[in-house]
Structures are given as structure tokens and as C-alpha cells.
Amino acid sequence: METDDPTDDILCECASGRRAWVQAKHDVTVGTAGGGLAPILVQWAEMIRRGSVQHGDGLVLAVARLPGPLEVLRSALNRRRDPHSGALTAKQHKALQVLTTQLVRVAPDLDEDAKRQLFDAAVIWHVGAGDAENAKIGKPVHGREAQLGAALLGAVLADAKVAPQAMAELTAAARTFASRRSGADIATWRVVLQAAGFELTGEAAHQSSGDAVAQQLATREAAIEVQPGPGQLVSEVHDPFALEVHEAIRAPVITSPLARLPIYIRRQHDGDLEKVVDLALAGQSEIAVLLGNSSTGKTRSAWEQIQRLPTPWRLWHPAFPDELLAKLSGITPHTVLWLNELHRYICTDDIRRDETIAGRLLEMLRDSSRAPVLILGTLWHEYRLRVAPAESLNDVRPQVRALVSEHFIPVPETFGQTELQLLADAASQDPRLAEAQTKAEQGHITQYLAGGPAQVERYLTADPSARAVLHAAMDARRLGWGPTLPTAFLVHAAQAYLTELQQDNLPGDWFDRALGYLLPMCRGARGPLSRVRAEPRAASEAGYKLVDYLEQYGKQNRSELCPPDQFWLAALCGDVASRDQAAMARAAYERDRIEAAHQLASAAAAGGNAAGVAAFAALIDRDEDREAALPYFRRAAENGDARSQVTVGVWHEDKGEWDTAEAWYARANDGKNPLALVGLASLESLRGHPEKAEQLYEQALSAGGAKAVEHQARHLATQGAHDLALSLADRSYANGNTEALTGLAWTYISTDADRAFAVMEHALKLGFRGAINELIILATTTKNRELTVAYCHLAEQLGNPDGLRVAGTILLRDGAERRGAGLLWRAFNGGVPWALFELGTLREKQGCTRKARRIYRRLAMMGETYAIVELAKSYERAGDHATAEKLAEEFERDPHPGGGDAGWEAIAEIRQERGDFRGAEALLQRLVAAGKKRALTMISDVRLGAGDTAGAIDILRRAIDSGVPSAKTSLAKLEATANDIG
């Protein structure tokens with residue numbers, strides 16, 4: 001509609017309340033002098049002064065042409081609004097500076113908040129009126145008509161509630177333009193309509209008739225028909241519980257009917273999620289993963305956001321990974337892919353399937369022809385580092401990590417003060433919120449609403465048999481069992497938690513009675529257990545599911561308890577899935593229940609499980625040796641696990657059984673498995689067929705096997721095939737593996753140092769920026785002072801920031817403090833913040849504690865949160881324990897990857913060093929109580945330092961029962977040492 005506002009071309013109002021003031025221009029130039037954007041900025045500034053523009057509104061410049069400078073400015077404004085898109089490029093930063101300069105020139109009275117509000121609202125929209133089509137027409141596009149038409153079309157597509165009004169505007173516009181313009185402009189209109197996704201048919205497609213265009217628009221037959229993809233229209237999705245939103249508690253007194261869900265209280269993370277959904281509404285494919293523990297409001301938050309999506313948006317909630325993989329290619333634009341509990345789809349025992357799904361999801365997000373697609377996922381914290389670990393040489397799910405990294409939106413466990421105030425305001429309208437406000441502990445509002453306390457109360461007040469069923473379910477789930485717990489397993493496993501007297505006096509229907517207690521709902525939420533059907537229409541239940549809140553409660557309160565022997569044996573029941581038997585085998589092995597572990601692994605293998613048995617074999621390989629693990633690798637290989645097939649092939653190759661090795665490599669080779677291809681290439685080399693080997697290596701590299709080729713190069717180096725090793729490392733490096741030559745050099749370091757240096761000098765000539773760092777470290781490792789000094793000089797000459805950091809660190813250690821400090825500052829100024837950590841350490845050694853702390857505070861303010869740990873250590877050394885612990889708490893609260901335990905561990909280590917063993921253990925016990933069981937092994941070290949060997953052994957046994965991976969090895973070494981001393 002036309003408007004009297006300063007921005008006067010068109011005003012679009014959506015049912016959501018948001019507005020967009022659109023100015024249509026054919027051509028705009030960017031410059032600091034008058035003209036160009038200046039008149040537009042004058043109008044926008046006046047809109048800001050009047051207070052017309054609210055949060056979420058848009059000041060839109062619609063252009064037919066988008067020259068380079070304007071395109072840079074458009075991308076800069078978009079990136080400025082999107083916290084997930086990374087830092088501005090140099091060109092984008094300059095474009096915003098130019099815009100700011102011009103805004104100051106035309107509106108010097110605007111303060112910083114007003115400028116920020118204007119930039120937040122500013123949008124540059126390229127209508128894309130088809131230059132090629134314009135050339136065919138032979139006349140220029142009449143910009144205003146085209147832009148207004150496209151703006152109205154945008155209203156039709158963006159908000160179904162205003163579509164009728166916008167369609168009427170389009171119809172009228174088509175008739176108006178037809179009456180006063182030539183047929184050429186009707187042709188131009190057809191271009192605009194088609195570019196916006198409308199296909200004209202019949203007379204409207206061939207004749208210069210505005211009435212024909214208007215008629216087709218009026219009858220709304222212009223939309224392109226698209227075969228619907230999986231899922232259903234969002235407008236038809238009415239059941240939040242079908243999407244796994246938790247049911248809320250039931251109000252004790254209901255005076256009037258209540259909605260199925262309580263009134264929603266907007267929280268801080270909702271704003272972050274809203275920005276992602278806004279981008280999807282604007283036409284971009286996006287992904288957001290809500291990260292938080294059970295019942296924190298993740299799924300409800302996502303549910304609230306999809307209510308904003310208009311027709312034609314669809315929603316698809318695949319039931320399991322195989323369904324997702326099978327139908328993924330059919331997803332069409334304007335689809336929400338709902339992946340609640342994301343780990344069930346991309347962090348399973350089947351790593352290959354996980355990677356395939358993640359890779360195809362990444363492709364879909366990058367495919368502009370399928371945009372917009374919105375992926376909404378939720379994830380518990382315990383799975384966060386499993387789906388997105390820190391990058392390492394052994395990263396088995398790089399595609400999964402790439403999919404989710406930088407897309408997490410943390411969901412707090414508790415309500416903040418602002419949210420509690422909003423809750424108080426809404427409580428008078430919803431008795432469920434009123435009850436949560438009164439009874440929820442320490443801001444745990446969503447957990448209370450989801451029925452958690454009632455579920456825990458029912459568990460704690462259960463009779464022995466019902467509680468035993470829950471103990472079996474809790475232990476199975478926390479040890480890795482899938483969601484469905486079979487009936488026979490629960491019947492047999494539960495009895496392991498009863499005394500002999502209790503077992504002897506169980507009535508015949510004891511399990512049915514337990515179910516009668518555990519299945520009923522808790523204050524409107526699910527009971528502790530719920531039935532699971534084998535299929536939607538199946539007559540009999542497949543088993544039972546433990547409610548989420550009790551699952552997490554069990555993980556927190558039973559993590560140090562190892563189930564009794566009968567529990568493990570119950571997992572051998574015939575109706576137990578082989579994947580669950582494999583999971584229990586791994587859990588039993590980690591807890592030193594070796595006999596049960598082997599029984600379960602054998603049963604899983606007999607049931608056809610591949611990935612889980614391979615993971616069990618890897619545990620044996622880690623703790624024992626390859627020979628002991630080989631039978632399980634072989635059974636996993638026979639069941640189809642490709643990685644195990646390669647492992648078995650390597651074993652036979654090393655034994656000289658080339659034909660057998662080739663057969664295994666061939667089974668693993670699907671043309672895209674680089675490990676198998678490298679194995680086949682290795683055999684061809686051994687047989688004297690270098691040309692065939694060359695082809696296979698090239699195929700492996702093309703399949704993304706640069707890392708596999710590097711490992712082969714290192715293996716060949718140990719066999720004396722130095723030329724081939726260097727050639728393969730070069731090719732791996734050329735295919736993007738920057739660590740290939742580094743890995744080869746370090747393979748030589750203990751046997752042929754000269755060759756190690758030669759490899760890294762070769763890497764330096766190839767332009768590998770990290771080569772100088774490695775040369776310095778190699779020289780230091782071999783204690784070659786002359787080379788160390790020479791390479792430090794070279795690093796200084798090259799000016800590589802990371803090289804300067806390494807050189808500065810070495811010089812500091814050698815006593816050249818002044819020169820070393822200078823290099824560290826140069827490295828810091830070159831973009832390597834970590835260089836200042838070394839300088840801080842130096843200042844502390846020099847006794848300049850205040851200078852060191854200033855350095856650490858500066859780093860912390862820059863976002864280098866580990867500097868908080870260094871500050872804590874500094875205060876702890878000085879005896880200021882209270883400040884040290886306060887800093888450790890601050891670091892623990894910081895949402896950085898990897899957890900926040902380092903502060904506590906560092907303080908404990910310092911206390912141990914000065915002999916305060918009791919204080920050190922007290923800190924580590926806090927970590928244990930918080931579920932960080934790895935701290936048990938650290939407590940063992942503290943007790944050893946205090947001379948308490950028996951106490952150290954006891955704590956390691958607790959660690960074994962908790963499943964801490966390194967505890968078994970540590971205990972074996974400690975007991976062996978104790979026996980030797982004894």
C-alpha cells in the first residue's frame with residue numbers, strides 16, 4: 001500500500017506485526033559524495049527519528065541492478081545481523097565504513113543507538129528482473145512497477161494471512177499497468193512473475209494482455225505446482241506431543257479449559273533461534289541445534305518457532321535414521337526437518353551411515369536450488385562432544401562435526417531473573433505456571449512442568465520390585481542400551497537388584513503389578529515407564545521406555561554403580577537386539593566384567609551386529625593387543641563392517657598372506673573407501689605393479705583419502721621405502737592434508753633425524769607455513785642447539801606469526817628472555833593470541849605477578865577463556881584460595897567446547913604440588929559429585945602422592961565401576977608396583 005511515511009514507495013504489513021518500508025530503485029551507486037544512497041539514508045534517518053521502526057521491522061531498498069559495491073554492502077548488512085556467519089571481510093568492513101560516513105554526513109544528529117537501529121533494519125533486496133530477458137524485449141525494465149509487483153509477490157509468499165490482500169493488489173496492478181503501458185512492459189511483468197516463482201499459462205503466457213495476467217493472478221492458478229516432499233504442511237501440524245514436546249503437569253484445580261501446552265515464557269535462547277528462522281524465512285537454508293539437558297525446553301522452543309512459518313512450509317519428522325536417509329533426497333524447498341534428539345540420527349553405532357546422513361544434509365544446506373530448508377535439532381550435553389569433538393587425527397565423524405559446529409544454541413537449565421518475572425506475570429493466567437512458580441527449585445521451571453519431580457517421587461517411593469525394574473532400566477540406558485527395553489530383559493534383570501529373600505517371595509504377577517505402578521502418568525506427564533509398540537499398528541508391545549527425566553536422574557545418581565552379574569546375563573535373552581548386546585559388551589568390558597563382556601560380544605556377533613562388535617574389538621585392541629582383538633574384528637568384518645574388513649586385511653598383509661588380504665580389502669572397497677583402496681595399492685606395490693598401485697592411490701585421494709595416504713607413507717617409511725613414502729606424503733599434502741609431511745618427518749625422528757629435517761625443509765620449500773615451527777621443535781627434540789638457533793633466526797626473518805610464537809617460546813626457555821618476549825609480542829600482534837600465554841608464564845617466573853595477571857586478563861577480555869585458568873593458578877600459588885576458586889567457577893560456567901573442569905584440575909594440581917593433598921582431593925571430589933568421573937583417576941594420583949596406596953587402589957576400583965576408560969590400566973600398573981614393593 002502507498003504511505004505518507006518518509007519512505008514512501010510501499011509499506012508491507014505482515015500478520016505477525018512486522019512491517020517493511022520498501023523503496024524501489026532501478027539503479028543505485030555507492031559513494032560518500034552526494035547522490036547514490038544519500039537520499040535513501042535521509043528518508044531512513046527520518047523514519048528512525050519518528051520512532052516508526054521497531055525491532056524486526058525492515059527498511060528495504062529494492063533494486064533491479066546490483067553492481068559490485070552494492071552487492072558487498074548488501075552482504076555486509078546481512079552478515080552484521082547474523083551472529084553465525086563469522087567476521088566481516090575487509091571489503092564488507094570498508095563498505096559499512098562508507099555507509100556510516102555517508103549517514104553521519106546526512107544525519108549528524110543520530111546517536112549511536114539510532115545508527116545501530118537503522119543498520120539493523122536496513123535490507124538491500126535484488127529483485128532480479130532478468131537482464132537476458134530484458135535484452136530480448138528490447139526495452140529497459142520500468143523499475144518501479146517491477147519492484148512493486150515483486151514486493152507484493154513477496155507478501156503473498158511470506159505470509160499466508162496477508163496473501164488475499166496482496167493478491168488483490170497484484171491483480172489491480174496488472175490491470176493498471178496494462179492500461180497505460182505497452183505490451184513490452186507486460187512481457188517484462190511476465191519475467192518478474194516467473195522470477196518470483198509464478199508460471200503464467202494460457203493467454204497470459206503468450207499475449208500482451210494485462211487482463212489475462214490479472215485473471216490468472218485473481219484465480220490463483222499461477223503458483224508452480226511442486227510435488228510435495230516428505231512430511232506435512234506446518235499449518236496441519238497441531239499435535240506438539242507427536243513432535244516429542246514434553247507433556248506438562250496437570251493443574252490441580254481447573255476453573256476453565258486450558259490449552260494443551262502452558263503459556264510460553266520467552267527466554268534468552270529464543271532470540272538466537274528466532275534469528276535462524278528469520279534467515280530461513282528470507283530464503284536461506286539454515287540449521288540450528290538446541291543444546292541442553294532433558295526437560296530444559298529445547299523442543300518447546302522449536303515448536304514455538306515453527307508456528308511462525310506460513311504456507312507453503314512443510315515439516316518432516318523422520319522416525320529413525322534409515323527413514324531419514326531413504327527420503328532425504330525428496331525434501332523440497334520450504335521444509336522443516338525436525339530432528340529431535342539429534343544423536344539418534346547422526347551419532348549411532350553405524351558411523352558410516354552417520355557420515356552419509358551428515359554429508360547429504362550438508363549438501364542440501366549448500367544447494368541453493370533446494371533453499372530454503374530449515375533443520376531444527378535438539379541435543380543433550382552428554383552427546384555434544386561426541387557429535388562435534390575437537391579436531392583430531394582420529395576424528396571418525398568429520399561430516400557430522402562439520403554439520404553441527406557453530407550451530408549450537410545453548411538452552412539454560414534454569415530461568416533467569418527476567419524470565420522468572422515473565423513467569424510471575426503469566427502465572428495468574430495458567431495454574432500450571434503458578435504451581436511451577438511456587439514449587440520448582442532454583443529456577444528449574446521447565447523440568448517441573450515436564451513432571452520430573454513426580455517421576456522421581458514415584459521412583460523413590462516404589463516397592464522393591466518396581467524400584468528394581470527402574471534400576472534395571474536406568475542402568476541399561478546409562479550404559480548405552482537403546483530407547484526400547486524388552487520385557488524379558490526387564491523381568492530377568494530386575495531380579496538382580498533384589499535379595500534372595502525378596503526373590504523367593506515374589507508373587508507370580510509381580511512384574512504386572514510393577515507396571516501398574518510405573519505406567520500411569522505423573523501430574524499430566526508420562527509415568528516412569530511407557531509402552532513402546534513394535535509398529536504403529538502392532539497388537540503387542542515391543543517393550544518399554546524409561547522417561548527422559550529418570551534416565552538423566554539415573555545417570556547422575558547411579559554412575560559409580562556397576563550392575564550385578566545377573567543384569568549382564570539378562571542381556572543374553574533372545575529378544576534383545578544385537579546392537580544392545582554389543583553396547584552392554586562394551587560397558588561390561590570397561591567395568592572389568594570380562595567374562596560377561598565376551599559372552600555379550602559373541603551374542604551380538606552371532607546376531608549379525610557389525611559396528612558394535614567392531615567397537616568392542618577396538619577396546620580390546622586399546623587395552624590388550626591386536627592379536628586378542630582380532631577374533632572380534634574378524635566377526636565384525638564378516639558381518640559387513642568395512643573398517644574391520646580393512647583391519648583384518650592389514651593383519652593378513654603384515655603376515656605375508658597377500659591373497660587373503662586382497663580378498664578382505666576387496667570386500668571393503670566400494671570404490672569410495674580410501675582405506676580399502678590404499679590397502680589394495682599397497683599389495684600392488686608389493687607385487688611389483690607400481691602403475692596399478694599409482695592408479696589406486698589416485699583413486700583413494702579422489703575419494704577424500706588424503707589422511708589414509710599419509711598413514712601409508714609413514715608405514716612405508718618404517719619399511720625403508722623412503723622415495724615412495726615422500727611421494728605419497730607430497731600428494732597427500734597437495735590434496736589438502738597439511739599435516740602429511742609433518743607426520744612423515746616425525747616418523748623418522750627417532751631413527752633418522754637427518755631425514756626428518758630434510759622432509760620438513762622440503763615442506764618449507766613447498767610453502768607449508770607450519771614447517772618452520774616443526775623444524776624448531778625437531779631441533780629442540782634432538783637437542784641440536786645450533787640448528788635450534790638457526791631455525792629461530794629463520795622464523796624471525798619469515799615473520800610467520802605462529803613460527804614467531806614457537807621461536808619466542810624456545811628462546812625464552814634458553815634464557816634469551818628479551819628477544820623471546822619481543823618475538824612473542826610480534827606473534828600476538830600477528831594474530832596469535834596464544835603467544836601471550838608464554839609471556840605470562842615468563843613474567844610469573846620472573847616474579848612479575850602483576851604483569852602476568854594483566855596479560856591473562858587481557859587475553860580473557862579477548863575471548864581466550866583459558867586465561868581465566870591461568871589467573872586462577874596465579875592466585876592459588878599466591879595463597880589466595882578464595883579468588884582462585886571464584887575464577888575456576890567462572891571458567892566452569894563459560895560455554896566453551898570441552899567443558900569447564902580445567903580450572904579446578906589446575907588448582908588441585910598446585911595444591912598437590914605444595915603438599916596440600918586433602919585440599920586437592922576436596923576439589924576433585926566436587927568434580928566427581930558433578931558427574932565428572934575422570935577426576936577419580938586424578939584423586940588416585942593425589943592419594944599416591946600422599947603415600948596412601950591402598951586408598952589409591954580403592955578409588956581406581958570406583959573409577960572402573962564408573963566406566964572410566966584409563967582406570968583399568970592404571971589399576972593394573974599400580975597393583976603390579978605394589979606387589980613388587982611387597
# chains A, B, ... in the order shown; residues from 1 in each chain; ligands from 1

$ residues_around --residues "region 497-511 of chain A" --least-positions-apart "5" --cutoff "10 Å" --atoms "only C-alpha atoms" --output "MDAnalysis selection string"
chainID A and resid 464:472 487 490:492 516:517 563:564 566:567

$ write_last_selection --atoms "N, CA and C atoms" --output "PDB file, in the first residue's frame"
ATOM      1  N   PRO A 464      10.014 -52.611  46.468  1.00  0.00           N
ATOM      2  CA  PRO A 464      11.296 -53.158  45.982  1.00  0.00           C
ATOM      3  C   PRO A 464      11.252 -53.688  44.561  1.00  0.00           C
ATOM      4  N   SER A 465      10.165 -54.360  44.172  1.00  0.00           N
ATOM      5  CA  SER A 465      10.140 -54.943  42.825  1.00  0.00           C
ATOM      6  C   SER A 465      10.009 -53.864  41.752  1.00  0.00           C
ATOM      7  N   ALA A 466       9.149 -52.873  41.966  1.00  0.00           N
ATOM      8  CA  ALA A 466       9.006 -51.794  40.989  1.00  0.00           C
ATOM      9  C   ALA A 466      10.292 -50.972  40.909  1.00  0.00           C
ATOM     10  N   ARG A 467      10.922 -50.737  42.063  1.00  0.00           N
ATOM     11  CA  ARG A 467      12.173 -49.987  42.045  1.00  0.00           C
ATOM     12  C   ARG A 467      13.266 -50.792  41.344  1.00  0.00           C
ATOM     13  N   ALA A 468      13.256 -52.099  41.508  1.00  0.00           N
ATOM     14  CA  ALA A 468      14.243 -52.943  40.837  1.00  0.00           C
ATOM     15  C   ALA A 468      14.088 -52.859  39.319  1.00  0.00           C
ATOM     16  N   VAL A 469      12.834 -52.806  38.843  1.00  0.00           N
ATOM     17  CA  VAL A 469      12.603 -52.657  37.399  1.00  0.00           C
ATOM     18  C   VAL A 469      13.207 -51.342  36.915  1.00  0.00           C
ATOM     19  N   LEU A 470      12.995 -50.284  37.692  1.00  0.00           N
ATOM     20  CA  LEU A 470      13.551 -48.988  37.296  1.00  0.00           C
ATOM     21  C   LEU A 470      15.074 -48.983  37.358  1.00  0.00           C
ATOM     22  N   HIS A 471      15.654 -49.670  38.352  1.00  0.00           N
ATOM     23  CA  HIS A 471      17.118 -49.740  38.416  1.00  0.00           C
ATOM     24  C   HIS A 471      17.673 -50.446  37.183  1.00  0.00           C
ATOM     25  N   ALA A 472      17.022 -51.527  36.784  1.00  0.00           N
ATOM     26  CA  ALA A 472      17.466 -52.237  35.578  1.00  0.00           C
ATOM     27  C   ALA A 472      17.356 -51.328  34.355  1.00  0.00           C
ATOM     28  N   THR A 487      10.670 -56.651  27.318  1.00  0.00           N
ATOM     29  CA  THR A 487      10.008 -57.147  28.521  1.00  0.00           C
ATOM     30  C   THR A 487      10.825 -58.240  29.207  1.00  0.00           C
ATOM     31  N   LEU A 490      13.804 -56.896  31.139  1.00  0.00           N
ATOM     32  CA  LEU A 490      13.458 -56.228  32.388  1.00  0.00           C
ATOM     33  C   LEU A 490      13.059 -57.230  33.468  1.00  0.00           C
ATOM     34  N   VAL A 491      12.313 -58.270  33.079  1.00  0.00           N
ATOM     35  CA  VAL A 491      11.884 -59.284  34.057  1.00  0.00           C
ATOM     36  C   VAL A 491      13.097 -59.963  34.687  1.00  0.00           C
ATOM     37  N   HIS A 492      14.072 -60.364  33.856  1.00  0.00           N
ATOM     38  CA  HIS A 492      15.234 -61.084  34.381  1.00  0.00           C
ATOM     39  C   HIS A 492      16.233 -60.145  35.057  1.00  0.00           C
ATOM     40  N   GLY A 516       1.833 -51.735  36.756  1.00  0.00           N
ATOM     41  CA  GLY A 516       0.654 -50.994  37.190  1.00  0.00           C
ATOM     42  C   GLY A 516       1.016 -49.769  38.006  1.00  0.00           C
ATOM     43  N   TYR A 517       2.159 -49.823  38.646  1.00  0.00           N
ATOM     44  CA  TYR A 517       2.634 -48.679  39.428  1.00  0.00           C
ATOM     45  C   TYR A 517       3.440 -47.703  38.575  1.00  0.00           C
ATOM     46  N   PRO A 563      26.342 -52.685  37.642  1.00  0.00           N
ATOM     47  CA  PRO A 563      25.219 -53.612  37.844  1.00  0.00           C
ATOM     48  C   PRO A 563      25.699 -54.999  38.281  1.00  0.00           C
ATOM     49  N   PRO A 564      24.838 -55.743  38.967  1.00  0.00           N
ATOM     50  CA  PRO A 564      25.197 -57.103  39.381  1.00  0.00           C
ATOM     51  C   PRO A 564      25.311 -58.050  38.186  1.00  0.00           C
ATOM     52  N   GLN A 566      23.853 -60.795  37.271  1.00  0.00           N
ATOM     53  CA  GLN A 566      22.642 -61.275  36.603  1.00  0.00           C
ATOM     54  C   GLN A 566      22.111 -60.253  35.597  1.00  0.00           C
ATOM     55  N   PHE A 567      22.403 -58.971  35.826  1.00  0.00           N
ATOM     56  CA  PHE A 567      21.996 -57.932  34.877  1.00  0.00           C
ATOM     57  C   PHE A 567      22.617 -58.193  33.509  1.00  0.00           C
TER      58      PHE A 567
END

$ residues_around --residues "region 792-800 of chain A" --least-positions-apart "5" --cutoff "10 Å" --atoms "only C-alpha atoms" --output "count of residues only"
20

$ select_by_dssp --residues "region 633-730 of chain A" --states "helix (DSSP H, G or I)" --output "ChimeraX atom specification"
/A:633-638,642-654,658-668,674-686,690-702,706-718,722-730

$ residues_around --residues "Arg478 (chain A)" --least-positions-apart "6" --cutoff "10 Å" --atoms "only C-alpha atoms" --output "PyMOL selection string"
chain A and resi 551-556+558-559+587

$ write_last_selection --atoms "C-alpha atoms" --output "compact mmCIF listing (two decimals), in the first residue's frame"
# COMPACT_ATOMS: atom_id res chain seq x y z
CA GLU A 551 17.08 -41.57 32.64
CA GLN A 552 19.11 -38.49 33.43
CA TYR A 553 18.46 -38.90 37.14
CA GLY A 554 19.89 -42.39 36.92
CA LYS A 555 22.98 -41.17 35.09
CA GLN A 556 23.60 -38.59 37.79
CA ARG A 558 23.99 -44.27 39.74
CA SER A 559 27.07 -43.51 37.64
CA ALA A 587 30.07 -51.38 29.08

$ decode --residues "region 108-121 of chain A" --atoms "all heavy atoms" --output "PDB file, in the first residue's frame"
ATOM      1  N   PRO A 108      23.685  13.991  10.968  1.00  0.00           N
ATOM      2  CA  PRO A 108      24.667  14.100  12.055  1.00  0.00           C
ATOM      3  C   PRO A 108      24.055  14.035  13.445  1.00  0.00           C
ATOM      4  O   PRO A 108      24.772  13.834  14.421  1.00  0.00           O
ATOM      5  CB  PRO A 108      25.319  15.464  11.786  1.00  0.00           C
ATOM      6  CG  PRO A 108      24.299  16.242  11.007  1.00  0.00           C
ATOM      7  CD  PRO A 108      23.588  15.233  10.169  1.00  0.00           C
ATOM      8  N   ASP A 109      22.738  14.201  13.560  1.00  0.00           N
ATOM      9  CA  ASP A 109      22.108  14.222  14.871  1.00  0.00           C
ATOM     10  C   ASP A 109      21.835  12.829  15.429  1.00  0.00           C
ATOM     11  O   ASP A 109      21.500  12.677  16.605  1.00  0.00           O
ATOM     12  CB  ASP A 109      20.784  14.983  14.795  1.00  0.00           C
ATOM     13  CG  ASP A 109      19.825  14.335  13.796  1.00  0.00           C
ATOM     14  OD1 ASP A 109      20.257  14.062  12.653  1.00  0.00           O
ATOM     15  OD2 ASP A 109      18.651  14.115  14.158  1.00  0.00           O
ATOM     16  N   LEU A 110      21.944  11.780  14.620  1.00  0.00           N
ATOM     17  CA  LEU A 110      21.640  10.426  15.106  1.00  0.00           C
ATOM     18  C   LEU A 110      22.719   9.958  16.074  1.00  0.00           C
ATOM     19  O   LEU A 110      23.915  10.023  15.762  1.00  0.00           O
ATOM     20  CB  LEU A 110      21.544   9.442  13.937  1.00  0.00           C
ATOM     21  CG  LEU A 110      20.372   9.608  12.969  1.00  0.00           C
ATOM     22  CD1 LEU A 110      20.353   8.455  11.981  1.00  0.00           C
ATOM     23  CD2 LEU A 110      19.044   9.677  13.713  1.00  0.00           C
ATOM     24  N   ASP A 111      22.289   9.479  17.252  1.00  0.00           N
ATOM     25  CA  ASP A 111      23.270   8.928  18.188  1.00  0.00           C
ATOM     26  C   ASP A 111      23.611   7.491  17.794  1.00  0.00           C
ATOM     27  O   ASP A 111      23.067   6.943  16.815  1.00  0.00           O
ATOM     28  CB  ASP A 111      22.758   8.990  19.630  1.00  0.00           C
ATOM     29  CG  ASP A 111      21.456   8.232  19.838  1.00  0.00           C
ATOM     30  OD1 ASP A 111      21.143   7.338  19.022  1.00  0.00           O
ATOM     31  OD2 ASP A 111      20.747   8.517  20.822  1.00  0.00           O
ATOM     32  N   GLU A 112      24.519   6.850  18.575  1.00  0.00           N
ATOM     33  CA  GLU A 112      24.995   5.524  18.205  1.00  0.00           C
ATOM     34  C   GLU A 112      23.876   4.490  18.225  1.00  0.00           C
ATOM     35  O   GLU A 112      23.815   3.598  17.374  1.00  0.00           O
ATOM     36  CB  GLU A 112      26.135   5.092  19.146  1.00  0.00           C
ATOM     37  CG  GLU A 112      27.417   5.879  18.966  1.00  0.00           C
ATOM     38  CD  GLU A 112      27.934   5.809  17.529  1.00  0.00           C
ATOM     39  OE1 GLU A 112      27.949   4.700  16.960  1.00  0.00           O
ATOM     40  OE2 GLU A 112      28.312   6.859  16.985  1.00  0.00           O
ATOM     41  N   ASP A 113      22.964   4.583  19.217  1.00  0.00           N
ATOM     42  CA  ASP A 113      21.856   3.624  19.278  1.00  0.00           C
ATOM     43  C   ASP A 113      20.958   3.752  18.051  1.00  0.00           C
ATOM     44  O   ASP A 113      20.487   2.741  17.490  1.00  0.00           O
ATOM     45  CB  ASP A 113      21.033   3.839  20.554  1.00  0.00           C
ATOM     46  CG  ASP A 113      21.774   3.366  21.791  1.00  0.00           C
ATOM     47  OD1 ASP A 113      22.710   2.546  21.639  1.00  0.00           O
ATOM     48  OD2 ASP A 113      21.426   3.816  22.896  1.00  0.00           O
ATOM     49  N   ALA A 114      20.711   4.988  17.624  1.00  0.00           N
ATOM     50  CA  ALA A 114      19.859   5.197  16.448  1.00  0.00           C
ATOM     51  C   ALA A 114      20.529   4.667  15.185  1.00  0.00           C
ATOM     52  O   ALA A 114      19.876   4.052  14.329  1.00  0.00           O
ATOM     53  CB  ALA A 114      19.549   6.687  16.304  1.00  0.00           C
ATOM     54  N   LYS A 115      21.850   4.896  15.067  1.00  0.00           N
ATOM     55  CA  LYS A 115      22.566   4.363  13.902  1.00  0.00           C
ATOM     56  C   LYS A 115      22.496   2.838  13.895  1.00  0.00           C
ATOM     57  O   LYS A 115      22.284   2.210  12.847  1.00  0.00           O
ATOM     58  CB  LYS A 115      24.024   4.816  13.937  1.00  0.00           C
ATOM     59  CG  LYS A 115      24.229   6.297  13.738  1.00  0.00           C
ATOM     60  CD  LYS A 115      25.723   6.634  13.920  1.00  0.00           C
ATOM     61  CE  LYS A 115      25.938   8.134  13.946  1.00  0.00           C
ATOM     62  NZ  LYS A 115      27.335   8.473  14.277  1.00  0.00           N
ATOM     63  N   ARG A 116      22.687   2.247  15.085  1.00  0.00           N
ATOM     64  CA  ARG A 116      22.645   0.787  15.170  1.00  0.00           C
ATOM     65  C   ARG A 116      21.260   0.273  14.782  1.00  0.00           C
ATOM     66  O   ARG A 116      21.123  -0.734  14.077  1.00  0.00           O
ATOM     67  CB  ARG A 116      22.996   0.337  16.590  1.00  0.00           C
ATOM     68  CG  ARG A 116      23.194  -1.162  16.747  1.00  0.00           C
ATOM     69  CD  ARG A 116      23.580  -1.545  18.163  1.00  0.00           C
ATOM     70  NE  ARG A 116      24.778  -0.846  18.600  1.00  0.00           N
ATOM     71  CZ  ARG A 116      24.806   0.107  19.529  1.00  0.00           C
ATOM     72  NH1 ARG A 116      23.693   0.489  20.113  1.00  0.00           N
ATOM     73  NH2 ARG A 116      25.932   0.682  19.881  1.00  0.00           N
ATOM     74  N   GLN A 117      20.209   0.970  15.224  1.00  0.00           N
ATOM     75  CA  GLN A 117      18.848   0.563  14.884  1.00  0.00           C
ATOM     76  C   GLN A 117      18.626   0.649  13.374  1.00  0.00           C
ATOM     77  O   GLN A 117      18.001  -0.234  12.768  1.00  0.00           O
ATOM     78  CB  GLN A 117      17.839   1.449  15.614  1.00  0.00           C
ATOM     79  CG  GLN A 117      16.393   1.013  15.409  1.00  0.00           C
ATOM     80  CD  GLN A 117      15.409   1.946  16.095  1.00  0.00           C
ATOM     81  OE1 GLN A 117      15.780   3.011  16.587  1.00  0.00           O
ATOM     82  NE2 GLN A 117      14.143   1.561  16.112  1.00  0.00           N
ATOM     83  N   LEU A 118      19.147   1.695  12.738  1.00  0.00           N
ATOM     84  CA  LEU A 118      18.995   1.846  11.294  1.00  0.00           C
ATOM     85  C   LEU A 118      19.716   0.717  10.566  1.00  0.00           C
ATOM     86  O   LEU A 118      19.175   0.111   9.642  1.00  0.00           O
ATOM     87  CB  LEU A 118      19.535   3.212  10.855  1.00  0.00           C
ATOM     88  CG  LEU A 118      19.297   3.608   9.387  1.00  0.00           C
ATOM     89  CD1 LEU A 118      19.160   5.131   9.265  1.00  0.00           C
ATOM     90  CD2 LEU A 118      20.406   3.115   8.473  1.00  0.00           C
ATOM     91  N   PHE A 119      20.943   0.406  10.980  1.00  0.00           N
ATOM     92  CA  PHE A 119      21.698  -0.665  10.332  1.00  0.00           C
ATOM     93  C   PHE A 119      21.027  -2.019  10.531  1.00  0.00           C
ATOM     94  O   PHE A 119      21.042  -2.868   9.643  1.00  0.00           O
ATOM     95  CB  PHE A 119      23.130  -0.699  10.875  1.00  0.00           C
ATOM     96  CG  PHE A 119      24.050   0.314  10.235  1.00  0.00           C
ATOM     97  CD1 PHE A 119      23.530   1.437   9.597  1.00  0.00           C
ATOM     98  CD2 PHE A 119      25.415   0.153  10.278  1.00  0.00           C
ATOM     99  CE1 PHE A 119      24.364   2.373   9.009  1.00  0.00           C
ATOM    100  CE2 PHE A 119      26.264   1.084   9.689  1.00  0.00           C
ATOM    101  CZ  PHE A 119      25.735   2.206   9.059  1.00  0.00           C
ATOM    102  N   ASP A 120      20.423  -2.212  11.723  1.00  0.00           N
ATOM    103  CA  ASP A 120      19.725  -3.484  11.974  1.00  0.00           C
ATOM    104  C   ASP A 120      18.544  -3.654  11.031  1.00  0.00           C
ATOM    105  O   ASP A 120      18.218  -4.780  10.630  1.00  0.00           O
ATOM    106  CB  ASP A 120      19.226  -3.540  13.426  1.00  0.00           C
ATOM    107  CG  ASP A 120      20.359  -3.751  14.417  1.00  0.00           C
ATOM    108  OD1 ASP A 120      21.454  -4.174  13.989  1.00  0.00           O
ATOM    109  OD2 ASP A 120      20.144  -3.493  15.619  1.00  0.00           O
ATOM    110  N   ALA A 121      17.888  -2.539  10.689  1.00  0.00           N
ATOM    111  CA  ALA A 121      16.676  -2.615   9.864  1.00  0.00           C
ATOM    112  C   ALA A 121      16.978  -2.588   8.371  1.00  0.00           C
ATOM    113  O   ALA A 121      16.150  -3.017   7.561  1.00  0.00           O
ATOM    114  CB  ALA A 121      15.729  -1.462  10.224  1.00  0.00           C
TER     115      ALA A 121
END
